[in-house]
Structures are given as structure tokens and as C-alpha cells.
Amino acid sequence: DSSSPRRASSKSYLRPSRSLQLVEQSSRSKLAVERLSELTINELKIHSIGLVGREKETKTLQSCLTSMMDQKVAEDKNETEMNETTIGISKVKKELVFIKGFSGVGKTSLARTIKRKVGSIRGGYYVEGKFDLNEGKDQPYSGIAKAYCELIQELHTNNRDMLLEIGEKLCELIGSEVEPLTYLIPPLENVVTEYSTSTYSEGSIVGMQERWKYSFRALTRLLTSYLKSLVIVIDDLQWADKASLDLIENLITDSQNVNPLMIVGCYRSNAVDETSDLTKSIQSLEEKKSKFGFNITHIVVKSCGISEVNQMIMKMMDMDDEESTQALADVCFQRTLGNPFFVIEFMSMLQREDLVKFNIGSMKWSFDVSAIEEETFSTPNVAELLESRMEQMPADVKLLLQVAACLGPTFRVSILETVWKNLSYAQSKGFGLDAVPKLIAFIESEMLIETIFGDKHRWVHDKVQEAALSLVERGEENLKFDLGKVLFFNLRGKELEDSLFDIVDLITSGKGTKSVDFASLCLKAATKAKRLSAFQSATRYAKSGIEMLPEDKWTSNRSLAIALHTIGSQVELALGHAGESQDYCDAVLSRKDIEIDLQIPLRVVEIQRLSTVEMKYPCAIESALGLLKDMKKRLFWSRTLLPVQAISVLRQTIKAIKRKPKDFYLRIGLMDDKNKEMADILERIRYSCYHTKKIFQMILCDCKSVQLTLQHGLCEHSGACFAMIGFYATVLFSNFEDAARFRTLALSTQSHFGKPRACQTIFLCHWSSLSWTLPLQSFSSSSVFYDAYTKGMQNGEGDFAMWSLIAHFVRIPIILGKPIDQILEACPKVLAQTEEISQTSQAQTTKLYWQMLLNLRDPKQAKDPVQLKGAVLSENPDEDVYVTAYQGYLECKLLLFYDHESAADRVIEFAGRLKKAAPGSFDFMIETFHRGVTLYVAARRSKRRKYKRHAKKVRKTIHKWKKAGNPNVVYYCTFLDAEHAALEGKHDEAEKNYKDAIQFVAKAGFLHHAALFSELYSDYLLRERDDKDEAKYRLEEAIRYYEDWGALGKVEKLKESSLLVYDVAVR
């Protein structure tokens, strides 16, 4: 009877598991099914098979788990974050395992062999996620989201208090960025109830990506810091979208996560090739494993051999005589090629066809191998077997299978019931509205699905889902569209939001009609995908939304059409598809009936394309200026008068800031959207001006932004612009007092917006400004640059975050003369982070400092002690003005310590380059001082007027800084005064200033300057005063300070030169 679930059998009374009535009464859990099958002696014992012939693979996987768990992990969960003294770098070698093989060979079953061991550890968690063929590469992060949802739900059940604590800390760490995480992981919403979204700003696409990366890392760090071990299994990676693969890489390369983490990825080896995203991702990970401290293990799962197939059959039949089943195993192997899932399905088919029977009289299984060979000679593949089996099921069962398959690898009964009651096809066939629970029970008894927990189910194998999906393709033409439509009109609130991607995928995969409602839904999905940095999905949703619009969209639905084109252009640009992005822009901007206000978002995308993708900065500036002109705005009056106008406007802006009473800045409001658009455009111009060194246009942009703030309120750019005004006051006017006021104002206004642009503001204020008015030691003790780094990573300001990181761990310690070994330990970790987020200038700058320290520590690691080439830097860095300037600055520093004789001409040649590349920075301040020291030493030794003239000019500049209130140059002046007095023959004054300078730097802990000053004082005593004993003592002091600093290369050189002192003394 084709209408019955299975062919009738005379032994049906021995098969209670096949009775729908008994199934309804029994538990539907997997455990219940297993126990029931044990009682039905005439059933093949599928659940008793286990893994057969996988001992080697299991051992390899277990060893990976052991490797992760055996690593020593800090017990204090607070140690998982970076602190101000050390960079968090992964001491635990995270484990990344790839299991590959054909479908059905048991990849997932192999992964599950470690589940029990992980679960036996208190605080150990094992979770699974799975990518879906139906979702394909369109739905972002689906497999990862399922794993994290399962983890949050388990924690909510097992340890809700701990989960609430994690949620609270997550909100503190990432603030409003919690929101997109809840989009992806809906259960998270129940534990992160308090976070602010009022000041959220999208910022740049790159910033959005970095914020998303940091947010997911922050969540994972917190989870792993509370758990003893976490194993995440992601199945069917061959169907993963590019964003998901990037996210997996992001998690496993997180060098700051020092907690145990193991990620297991399973994929079909025959579904990927050299050009696939997965292959490229694996290659990228192989290249990064050493640098980021994680292991990669590849496990290949092959089909079973004949002996393993025989073992499977023996277990299914509960037999222990190998010879009695060997002939059957031979046939089974020929038909299935040893694929375990195929073997099970083949044996199940043999039983359904009564080719394998249980003899109740002899209590044994019986079969005729010849009959099996003849009947199964043309047996189709397993997918066709499953499809054939499903085709024989009742119509309502088949429909439910199709609906469930469309919902994905997992589904909820409650959602199925909603669909069933509202699906027109089900109603037209007269299927019972309340039949879903009974049908689910029947399908589960057929071992096609299994219960996860509650009303949530999953397919026992993706081949089963594929077979059900094939029924959709041959069945109702518009089932997917109808299913999406039912969900759209019947789900509300959070349910609709959680299923948004599923619904849109169903609607757009069918042959539905055009609909403004569906186009709006596509826009919502595109916006959500964009917020999750899933740009490939976002662009597909935008395109689908446009296709859903009616032909007269530009008149009937203009705003929606422009919104879809805008987001399409943005995400295409994020993917680097400049041409496709421009096509979206042209579709709108080529129309003459689009008002300027509606053009602005797309024209801003054009500006961004020119500046950030094509690097055509002058074109970007002209495009932005053209937009301002169309908006009836202007930045300057005349290009020929730019310098005059810039300085004039800057002075006016400074006066305007100072005229406002203090309480004005306490009660200032927020800028409206229209003026914020103007501020955004000015920021785009400023960005391109910075890269083209158009300083006067930059000044005008910053002044205009500050004026907008004073007139219309604060925006996210206000703080950084106030900081820049302070910077200009320092560099152009040496007005340290006003500069300090403006920086304080910048920091206070930035506090209105929390993290957005906080890193840039903090860095500009302290590195280029407050360093001229506050002692540099205060920056180190307060960890201000580390705080800036943290905020920058949270908000996606990768560029300024890395400059802040370098300042905190490398540059400030070098300037303060901290031990070289301490800084060297941080260098590789800093470099790893700069390279990880592709900040080229920062990475090259780090290498320059690293090589300089190696030159001082061990000259053997350099080709020449005074050149930056060696173990870290094998060739000259790229032709970047900034990096080149710093290379010259650091090589001049090496000359100061290693070769006084040849240093003077080099510093004269180099003078001004660092000021041009990094005006106002503390590096420029100390470079000026070191230049003065070099020139005075050269003048004192050679008596040449050229050196004396340049030296006196430097001394005058630094005294000017001291008079203006710079606390960091006080001892600079003292030492330069000593050298000046020595040059003029004023020996009493010279010796007093030498001693005062040495005493000051020694007390402050500036080891490098204590060493340098002692060395040069010794040189003065020997050359000018002929005081050999005191010179010897000061030289020994210099050696001691150099040793404490760690400049062992310099120590070695001084010890060699000390022989000359003794020779002179003897003579």
C-alpha cells in the first residue's frame, strides 16, 4: 500500500516502534528511541553501531583536546584581559581541527567522541553549529550563531548567575556593540539588558568590521575566561559564507585570549577545491599558526573497509560470528563503497524490503545473499534511496518534511505549527491543523530527525535534509515563497527579528510577486547583515530588495529605492567592488529629479570610494568640495589665499572657543542630522587632506567643524577637532596654555559620545599636545595610551588604536629610558597585532623601533650598529613619508650613542624632516634635543662654527619651549647649558649643570640619558679638564647605567674605549 509509511508485514505485531499510536504515547527523546529499539528484537540495532574503524582518528582528536586542556591557564579571570604592564598574548596554544571526508563517512560522529570527556570536566562545554545547504553562503554566520546560541542556552540552564555576570561585563566592554551580537545570538538578549544605543554611529565600513571583530572576540574571551574549556564544533564548513570563515579565523588568532579554546570544523572534501573560500581560509590559517600561537590538525576520514562494514552489520544484528555475515558485508561494501551512513541506509532498505528478516523461531537474522545481489544490482545512491522512501510516506508527512527542510538543519515545532495552520497548500489538502506533533513523532520514529531539547529538532544527517529539499524542487513550485510569506505575516517582534534572514531567503528564493513590503524586509535584512559585517549577504539582500520594487519605484517608492541603492553601494564598496558600488550610485545620481538632500549619502559613498579604495585623494577632495557647493556651502574663498585664510580662520576659531563661558560646554546639546551630514563631509575632506599633506585645507576643515559644534551642538567628530585646534596652537603658535585648554575641552566633549572616535581624540590630545604641558611620566603611570588602545579596538579605530598601542608599549618606554629587554619582549606582540589588522605604517614603525633596540642590545643582530637593517628589518621599509622620517630619526639616535664623530652632519641633513612628518609629537621634541646634544659634542671637539651655530639655534628653541611651560624639557635645557658652557670655557658652570642634569635623570629613572650624560661628562673631563680620575669614574658610571638599560652593545664598545683612558693616564 503506497499510502502507508512502510510496506505491510506479517510481523507488524513485533514492531511497536513502527506503530504511530505507540509512538505518540512514548517519549520522543533520542534516549527513549534507543531504549525502545533495544526491546524490539526484530529491529536492526542502528544505535548500537558507534564508530567503527576510527581508532586512529579518534586518538588524534583526543590528543588535540588533551593538548588544549593540559595548558596552564591563569585562574584569575581578570588576567585574560591586557593590562598596562603586559600585552595579552596567547600562552595557551589553541587547537583548530579540520575533519574532512565524503558525506556520510562519520565526520560529525567523530567530532562527538570528545563530547563526553569535555562534559566530564566541571566548567567544560561542548557545543555544535551547522551550516545549511538551503541557507548556502547567503545567510551570515548561521553555523557559528547556532553554536553560540546553544552555549548561551546551556549556561542559562546550568549557571544563570555566571551568565548574568558575563553579560554585565560584556556591556561594560563593548557598550552599544552588544546590539549586533544579540541580532546574531538572540538568547544573549536575556542577559545583556542594559546598554546604551543613543550615541551609536556607524562610522566607516572598516571601522564597522573592526568593531564587530572586537565584539565577538570580547564575548568569546569572557566566555572562555569563565569556562574551564570550550569546544566549538562547526559542521558543513563547505557551505559557510566568507564572513563566517573570517570570523573563525578572527577567534582562533586572538592573541589576547589566553584561555582554552578548541574549534573543530567538518567539511566535505569533494565539495571544495583550490579556489573555494574554505581552502583559502585554511591556507591563511596555516601561515598564521606560528605567529598567533595555535595548532592546526587535519584529520581525513575515509570510507570503511570490508572488515569494518562487517563489524557494523554484526553490531546491527547483534551477532558475533564474522563468517556468517561476511558474504552480506561483501555485497554491502560493493553497493555503498564502505560509506557508514550509506551502509546504515542500505541495511534499513534491505529490512524494509524483507531481504533481511528476523526469524522469531530461531531468534536469528536470515538473509539470502544471492537474492540481495540480484534485487539490489541497480540500487540508486543513498540520496535517491531516501527520496524514494519519503515518496512512499503519506502526503501530510511529505509536506511537513519539505517545510522542515526549508527551515534549515534545525527547527522548532512551534514554528512548524504556525506555518502549518497558515499554509494555503496544507489547508487546501484538508490536513489537520493540529497534526504537527503526531507527524513529528512519526518522522522521528523513522529516524529521519532527532530531538535536541524541548521542541527543537534536527535532521539526523544532512543527506536526509537534502533528500527532503529535493521533494520541494519536484513539488509545489512556490512552497519556499509561500513559507516565507506565512512567516512574515504571522511572526511578530523578536520572533520575526530572529528569523529575519530565514524569511528573506525563503521569499527571495521563490518566484513571488513584486512587493513593497518584501522590499522593505530586504532592506531590513541588508541593514542587519551590514551591521554584522556580512557584506556579501548584505549586497544580495539589497539587490533582491530592488528587484522586489515596482517599475515606478522612483515615483511611488523613491525613499525606499534610494535607501536600497545606498546600502548596496556601501556594502559593494566594503567588498572592494568599486565598479559595482559606482553602478548603484549612478542609478540614483544620473536621475535629474533626485533632490540634493537625497543625493548626499550616495555622493559620500563616491567620496569614500575615491579616498579609501582607489586612493585618489585629490579627486576625493574635489568631489567633496563639489558636494559642498551643491549644498550651498563652501570651505574657502580662494585657492591662492588658502594659507592666509587658514591662519586667519584658525585665530578666529581659537578666539570663539575662548569667548564661550565654561558652563556653555557643560550644557551643550547634540548636533541635528542635517548639520551632522556637513560634519561628516568635512571629515572626509580632512582625511584626504591628511594623506596629501594639504595642511591649510585640513586646518579649515577642523575650524569649520568646531564652528559647527559651537553653533549647532556636539557630534562624534567634535572632540577630535577640538584636539586638532590644540595641536595647531602648539605647532604654529607655541601657545601651550591655550593648547592644554583645548585638549581638556576635547576630552570632555568626547565623553558625551563614549567610544566613537575616543581613541583618536585621546591620542591626539596626549601624544601631540598634552605632552608639551604635562610630565611624560604621567602618561605612563596613568596608562592613558593603553586606555586609548582599548577604546580604539572596541570602536573599530584600528589605525589610532595601533598608534596608541605602540606609544604605550614601545615609544613611551624608550623615551623614558625603560630597560631594553622589557620593551623587546613587547615588540613582537605589538607587531603581531598591527599586522593582524593590516596597519602597514604602524607595523613598519614597530619594526624600526625593534631593530633599533636590537642594535643597542646586540649589534650582531644588525648589519651595521648605526643602520636599521638586521634580524627584524632586512630591507628598507616602503616609501612612506612618515616611516622614512622615523627611520632617519632612529638612525640619528643610534649615531648619538655609537658614533659621535659622524653624527653631526647627519643630524643637520635630517633636521626638519620629523617635524614635517610628525609635527607636535613628543618624538619631534626629543629629536630636537638629541640633535642639539650631537651638535654641541661635535662643536666642542672640532671647534667648527657650523656645528656651534646649529647647536645654539637648537638650544634657543628648547629654552623657548621651557619658557612657554613645557615641563619635559627642563633637564634638556640643563644639559644643553652644560655643553654650551663647556664650549664657551665656563667650566664651573658647565660642571654644575652636568652634575645637575645627571642627578635629575638618574633620580627620574631615565637610564638612557643617565648613561649618555655620564659618558659625555667623562668625555668633557678628559678632553677639556684633563681630570683622568673623575673621567674614569664617570665612564664607569656610564657603563653601569648602559648595563642597567640593557644597551650591551654600547657597553662593549665603551669597555674597549676605556683602554684609551688608561693609556692617556699612563702617558
# chains A, B, ... in the order shown; residues from 1 in each chain; ligands from 1

call {"tool": "select_by_dssp", "arguments": {"residues": "stretch 367-504 of chain A", "states": "alpha helix (DSSP H)", "output": "ChimeraX atom specification"}}
result
/A:369-375,382-391,395-407,413-422,424-428,436-445,462-474,479-490,493-498,500-504

call {"tool": "residues_around", "arguments": {"residues": "stretch 704-719 of chain A", "least_positions_apart": "3", "cutoff": "6 Å", "atoms": "only C-alpha atoms", "output": "MDAnalysis selection string"}}
result
chainID A and resid 668:671 679 700:701 722 746 749:750 761

call {"tool": "closest_atom_pairs", "arguments": {"of": "stretch 413-467 of chain A", "to": "stretch 148-159 of chain A", "cutoff": "12 Å", "atoms": "only C-alpha atoms", "output": "tab-separated table"}}
result
residue	atom	partner	partner_atom	distance
A:Ile452	CA	A:Glu150	CA	10.0
A:Phe453	CA	A:Glu150	CA	10.1
A:Gly454	CA	A:Gln153	CA	11.7
A:Lys456	CA	A:Glu150	CA	11.1

call {"tool": "write_last_selection", "arguments": {"atoms": "N, CA and C atoms", "output": "PDB file, in the first residue's frame"}}
result
ATOM      1  N   ILE A 452      16.723  17.776  19.912  1.00  0.00           N
ATOM      2  CA  ILE A 452      17.889  18.390  20.560  1.00  0.00           C
ATOM      3  C   ILE A 452      17.531  18.674  22.018  1.00  0.00           C
ATOM      4  N   PHE A 453      16.555  19.539  22.208  1.00  0.00           N
ATOM      5  CA  PHE A 453      15.975  19.776  23.529  1.00  0.00           C
ATOM      6  C   PHE A 453      14.657  20.520  23.324  1.00  0.00           C
ATOM      7  N   GLY A 454      13.736  20.328  24.266  1.00  0.00           N
ATOM      8  CA  GLY A 454      12.447  20.991  24.151  1.00  0.00           C
ATOM      9  C   GLY A 454      11.759  20.644  22.856  1.00  0.00           C
ATOM     10  N   LYS A 456      12.867  21.699  19.965  1.00  0.00           N
ATOM     11  CA  LYS A 456      13.851  21.918  18.909  1.00  0.00           C
ATOM     12  C   LYS A 456      14.373  20.582  18.392  1.00  0.00           C
TER      13      LYS A 456
END

call {"tool": "closest_residue", "arguments": {"among": "A:Ala218, A:Ala740, A:Ala723, A:Leu1054", "to": "A:Phe763", "atoms": "only C-alpha atoms"}}
result
A:Ala723

call {"tool": "select_by_dssp", "arguments": {"residues": "stretch 316-371 of chain A", "states": "strand (DSSP E or B)", "output": "PyMOL selection string"}}
result
chain A and resi 356-359+364-367

call {"tool": "residues_around", "arguments": {"residues": "A:Ala1038", "least_positions_apart": "6", "cutoff": "7 Å", "atoms": "only C-alpha atoms", "output": "MDAnalysis selection string"}}
result
chainID A and resid 1011:1012 1014:1015

call {"tool": "atom_distance", "arguments": {"atom1": "atom CA of A:Trp961", "atom2": "atom CA of A:Tyr882"}}
result
24.1 Å

call {"tool": "closest_residue", "arguments": {"among": "A:Phe727, A:Phe98, A:Phe742, A:Phe636", "to": "A:Phe696", "atoms": "only C-alpha atoms"}}
result
A:Phe636

call {"tool": "closest_residue", "arguments": {"among": "A:Leu385, A:Trp212, A:Phe292, A:Lys242", "to": "A:Leu278", "atoms": "only C-alpha atoms"}}
result
A:Lys242

call {"tool": "residues_around", "arguments": {"residues": "stretch 48-54 of chain A", "least_positions_apart": "5", "cutoff": "8 Å", "atoms": "only C-alpha atoms", "output": "NGL selection string"}}
result
:A and (106 or 109-110 or 304 or 308 or 311-312 or 315-316)

call {"tool": "write_last_selection", "arguments": {"atoms": "N, CA, C and O atoms", "output": "CSV table (one decimal), in the first residue's frame"}}
result
chain,number,residue,atom,x,y,z
A,106,GLY,N,31.1,9.8,8.6
A,106,GLY,CA,31.1,9.9,10.1
A,106,GLY,C,32.0,11.0,10.6
A,106,GLY,O,32.5,10.9,11.7
A,109,SER,N,30.2,12.4,13.8
A,109,SER,CA,30.2,11.3,14.8
A,109,SER,C,31.6,11.3,15.5
A,109,SER,O,31.8,11.1,16.7
A,110,LEU,N,32.6,11.5,14.6
A,110,LEU,CA,34.0,11.5,15.1
A,110,LEU,C,34.2,12.7,16.1
A,110,LEU,O,34.7,12.6,17.2
A,304,CYS,N,34.9,3.1,5.1
A,304,CYS,CA,35.3,1.9,5.8
A,304,CYS,C,35.7,0.8,4.8
A,304,CYS,O,35.2,0.7,3.7
A,308,GLU,N,35.4,-3.5,8.4
A,308,GLU,CA,34.7,-2.6,9.2
A,308,GLU,C,33.2,-2.6,8.9
A,308,GLU,O,32.3,-2.5,9.8
A,311,GLN,N,31.8,-5.5,10.7
A,311,GLN,CA,31.6,-5.2,12.1
A,311,GLN,C,30.3,-4.4,12.3
A,311,GLN,O,29.6,-4.7,13.3
A,312,MET,N,30.0,-3.5,11.4
A,312,MET,CA,28.8,-2.7,11.6
A,312,MET,C,27.6,-3.6,11.4
A,312,MET,O,26.6,-3.5,12.2
A,315,LYS,N,27.1,-5.7,14.6
A,315,LYS,CA,26.5,-4.9,15.7
A,315,LYS,C,25.0,-4.6,15.4
A,315,LYS,O,24.2,-4.7,16.4
A,316,MET,N,24.6,-4.3,14.2
A,316,MET,CA,23.2,-4.1,13.9
A,316,MET,C,22.4,-5.4,14.2
A,316,MET,O,21.2,-5.3,14.6

call {"tool": "residues_around", "arguments": {"residues": "stretch 213-216 of chain A", "least_positions_apart": "3", "cutoff": "7 Å", "atoms": "only C-alpha atoms", "output": "PyMOL selection string"}}
result
chain A and resi 174+177+209-210+219-220+250+793-794

call {"tool": "write_last_selection", "arguments": {"atoms": "N, CA and C atoms", "output": "mmCIF file, in the first residue's frame"}}
result
data_model
loop_
_atom_site.group_PDB
_atom_site.id
_atom_site.type_symbol
_atom_site.label_atom_id
_atom_site.label_comp_id
_atom_site.auth_asym_id
_atom_site.auth_seq_id
_atom_site.Cartn_x
_atom_site.Cartn_y
_atom_site.Cartn_z
ATOM 1 N N ILE A 174 31.936 46.532 25.634
ATOM 2 C CA ILE A 174 31.642 46.925 24.249
ATOM 3 C C ILE A 174 30.431 47.833 24.119
ATOM 4 N N GLU A 177 27.783 48.023 21.124
ATOM 5 C CA GLU A 177 28.095 46.947 20.176
ATOM 6 C C GLU A 177 27.522 45.605 20.611
ATOM 7 N N GLN A 209 33.734 46.800 10.626
ATOM 8 C CA GLN A 209 34.318 45.461 10.635
ATOM 9 C C GLN A 209 35.164 45.240 11.882
ATOM 10 N N GLU A 210 35.976 46.245 12.209
ATOM 11 C CA GLU A 210 36.836 46.109 13.381
ATOM 12 C C GLU A 210 36.019 46.064 14.664
ATOM 13 N N LEU A 219 33.267 38.767 23.558
ATOM 14 C CA LEU A 219 32.322 37.776 24.056
ATOM 15 C C LEU A 219 33.021 36.436 24.276
ATOM 16 N N THR A 220 33.824 36.017 23.311
ATOM 17 C CA THR A 220 34.491 34.719 23.423
ATOM 18 C C THR A 220 35.530 34.720 24.540
ATOM 19 N N ASN A 250 39.292 34.948 13.001
ATOM 20 C CA ASN A 250 39.394 36.022 13.973
ATOM 21 C C ASN A 250 39.449 35.478 15.402
ATOM 22 N N MET A 793 40.070 49.743 19.735
ATOM 23 C CA MET A 793 39.730 48.391 19.283
ATOM 24 C C MET A 793 38.234 48.130 19.437
ATOM 25 N N GLN A 794 37.643 48.658 20.496
ATOM 26 C CA GLN A 794 36.211 48.478 20.705
ATOM 27 C C GLN A 794 35.401 49.181 19.622
#

call {"tool": "residues_around", "arguments": {"residues": "A:Lys93", "least_positions_apart": "2", "cutoff": "10 Å", "atoms": "only C-alpha atoms", "output": "ChimeraX atom specification"}}
result
/A:67-69,71,90-91,95-96,252,255,258-262,289-290,292-296

call {"tool": "write_last_selection", "arguments": {"atoms": "N, CA, C and O atoms", "output": "compact mmCIF listing (two decimals), in the first residue's frame"}}
result
# COMPACT_ATOMS: atom_id res chain seq x y z
N SER A 67 45.83 18.30 24.61
CA SER A 67 46.81 19.38 24.46
C SER A 67 46.24 20.70 24.92
O SER A 67 46.90 21.48 25.61
N MET A 68 44.99 20.97 24.56
CA MET A 68 44.36 22.22 24.97
C MET A 68 44.15 22.26 26.48
O MET A 68 44.43 23.25 27.15
N MET A 69 43.68 21.15 27.04
CA MET A 69 43.30 21.14 28.44
C MET A 69 44.50 21.07 29.37
O MET A 69 44.42 21.48 30.53
N GLN A 71 47.25 22.75 29.06
CA GLN A 71 47.97 24.02 29.14
C GLN A 71 47.64 24.72 30.46
O GLN A 71 46.52 24.67 30.95
N SER A 90 48.59 34.91 23.64
CA SER A 90 48.10 33.58 23.96
C SER A 90 49.23 32.65 24.39
O SER A 90 50.11 32.32 23.62
N LYS A 91 49.24 32.28 25.68
CA LYS A 91 50.17 31.27 26.17
C LYS A 91 49.58 29.88 25.95
O LYS A 91 50.30 28.90 25.94
N GLU A 95 43.54 25.08 19.83
CA GLU A 95 43.51 23.95 18.90
C GLU A 95 42.46 24.18 17.83
O GLU A 95 41.30 24.48 18.13
N LEU A 96 42.87 24.07 16.59
CA LEU A 96 41.97 24.15 15.45
C LEU A 96 42.09 22.84 14.68
O LEU A 96 43.18 22.46 14.25
N ILE A 252 40.35 32.29 16.42
CA ILE A 252 41.48 31.41 16.72
C ILE A 252 42.80 32.18 16.72
O ILE A 252 43.79 31.75 17.33
N SER A 255 45.22 36.73 19.87
CA SER A 255 46.40 36.55 20.72
C SER A 255 46.18 37.01 22.15
O SER A 255 46.96 36.68 23.04
N VAL A 258 43.83 34.16 26.41
CA VAL A 258 44.78 33.20 26.97
C VAL A 258 44.07 32.00 27.57
O VAL A 258 44.63 31.28 28.39
N ASN A 259 42.82 31.79 27.19
CA ASN A 259 42.02 30.71 27.76
C ASN A 259 41.85 29.56 26.77
O ASN A 259 41.98 29.74 25.56
N PRO A 260 41.53 28.36 27.29
CA PRO A 260 41.42 27.19 26.41
C PRO A 260 40.28 27.34 25.41
O PRO A 260 39.16 27.71 25.77
N LEU A 261 40.58 27.06 24.17
CA LEU A 261 39.57 27.11 23.11
C LEU A 261 39.95 26.09 22.03
O LEU A 261 41.09 26.04 21.59
N MET A 262 38.96 25.31 21.65
CA MET A 262 39.18 24.34 20.57
C MET A 262 38.04 24.48 19.58
O MET A 262 36.86 24.46 19.96
N LYS A 289 49.61 30.29 12.06
CA LYS A 289 49.54 29.49 13.29
C LYS A 289 50.74 29.73 14.21
O LYS A 289 50.59 29.74 15.43
N SER A 290 51.93 29.89 13.65
CA SER A 290 53.11 30.11 14.49
C SER A 290 53.08 31.49 15.14
O SER A 290 53.35 31.62 16.34
N PHE A 292 50.51 33.41 15.83
CA PHE A 292 49.42 33.66 16.78
C PHE A 292 49.23 32.53 17.79
O PHE A 292 48.30 32.56 18.58
N GLY A 293 50.10 31.55 17.77
CA GLY A 293 50.12 30.55 18.83
C GLY A 293 48.93 29.61 18.89
O GLY A 293 48.27 29.51 19.91
N PHE A 294 48.65 28.92 17.81
CA PHE A 294 47.62 27.89 17.84
C PHE A 294 48.06 26.73 16.95
O PHE A 294 48.89 26.88 16.06
N ASN A 295 47.54 25.56 17.24
CA ASN A 295 47.86 24.36 16.45
C ASN A 295 46.76 24.10 15.43
O ASN A 295 45.59 24.35 15.70
N ILE A 296 47.15 23.58 14.29
CA ILE A 296 46.17 23.11 13.30
C ILE A 296 46.41 21.62 13.07
O ILE A 296 47.54 21.19 12.83

call {"tool": "closest_atom_pairs", "arguments": {"of": "stretch 135-239 of chain A", "to": "stretch 264-272 of chain A", "cutoff": "9 Å", "atoms": "only C-alpha atoms", "output": "Markdown table"}}
result
| residue | atom | partner | partner_atom | distance |
| --- | --- | --- | --- | --- |
| A:Val231 | CA | A:Val264 | CA | 7.5 |
| A:Ile232 | CA | A:Val264 | CA | 6.2 |
| A:Val233 | CA | A:Val264 | CA | 4.6 |
| A:Ile234 | CA | A:Gly265 | CA | 4.9 |
| A:Asp235 | CA | A:Cys266 | CA | 4.7 |
| A:Asp236 | CA | A:Tyr267 | CA | 4.7 |
| A:Leu237 | CA | A:Tyr267 | CA | 4.9 |
| A:Gln238 | CA | A:Tyr267 | CA | 5.4 |
| A:Trp239 | CA | A:Tyr267 | CA | 8.4 |

call {"tool": "closest_residue", "arguments": {"among": "A:Ala405, A:Ala587, A:Met349, A:Leu230", "to": "A:Leu602", "atoms": "only C-alpha atoms"}}
result
A:Ala587
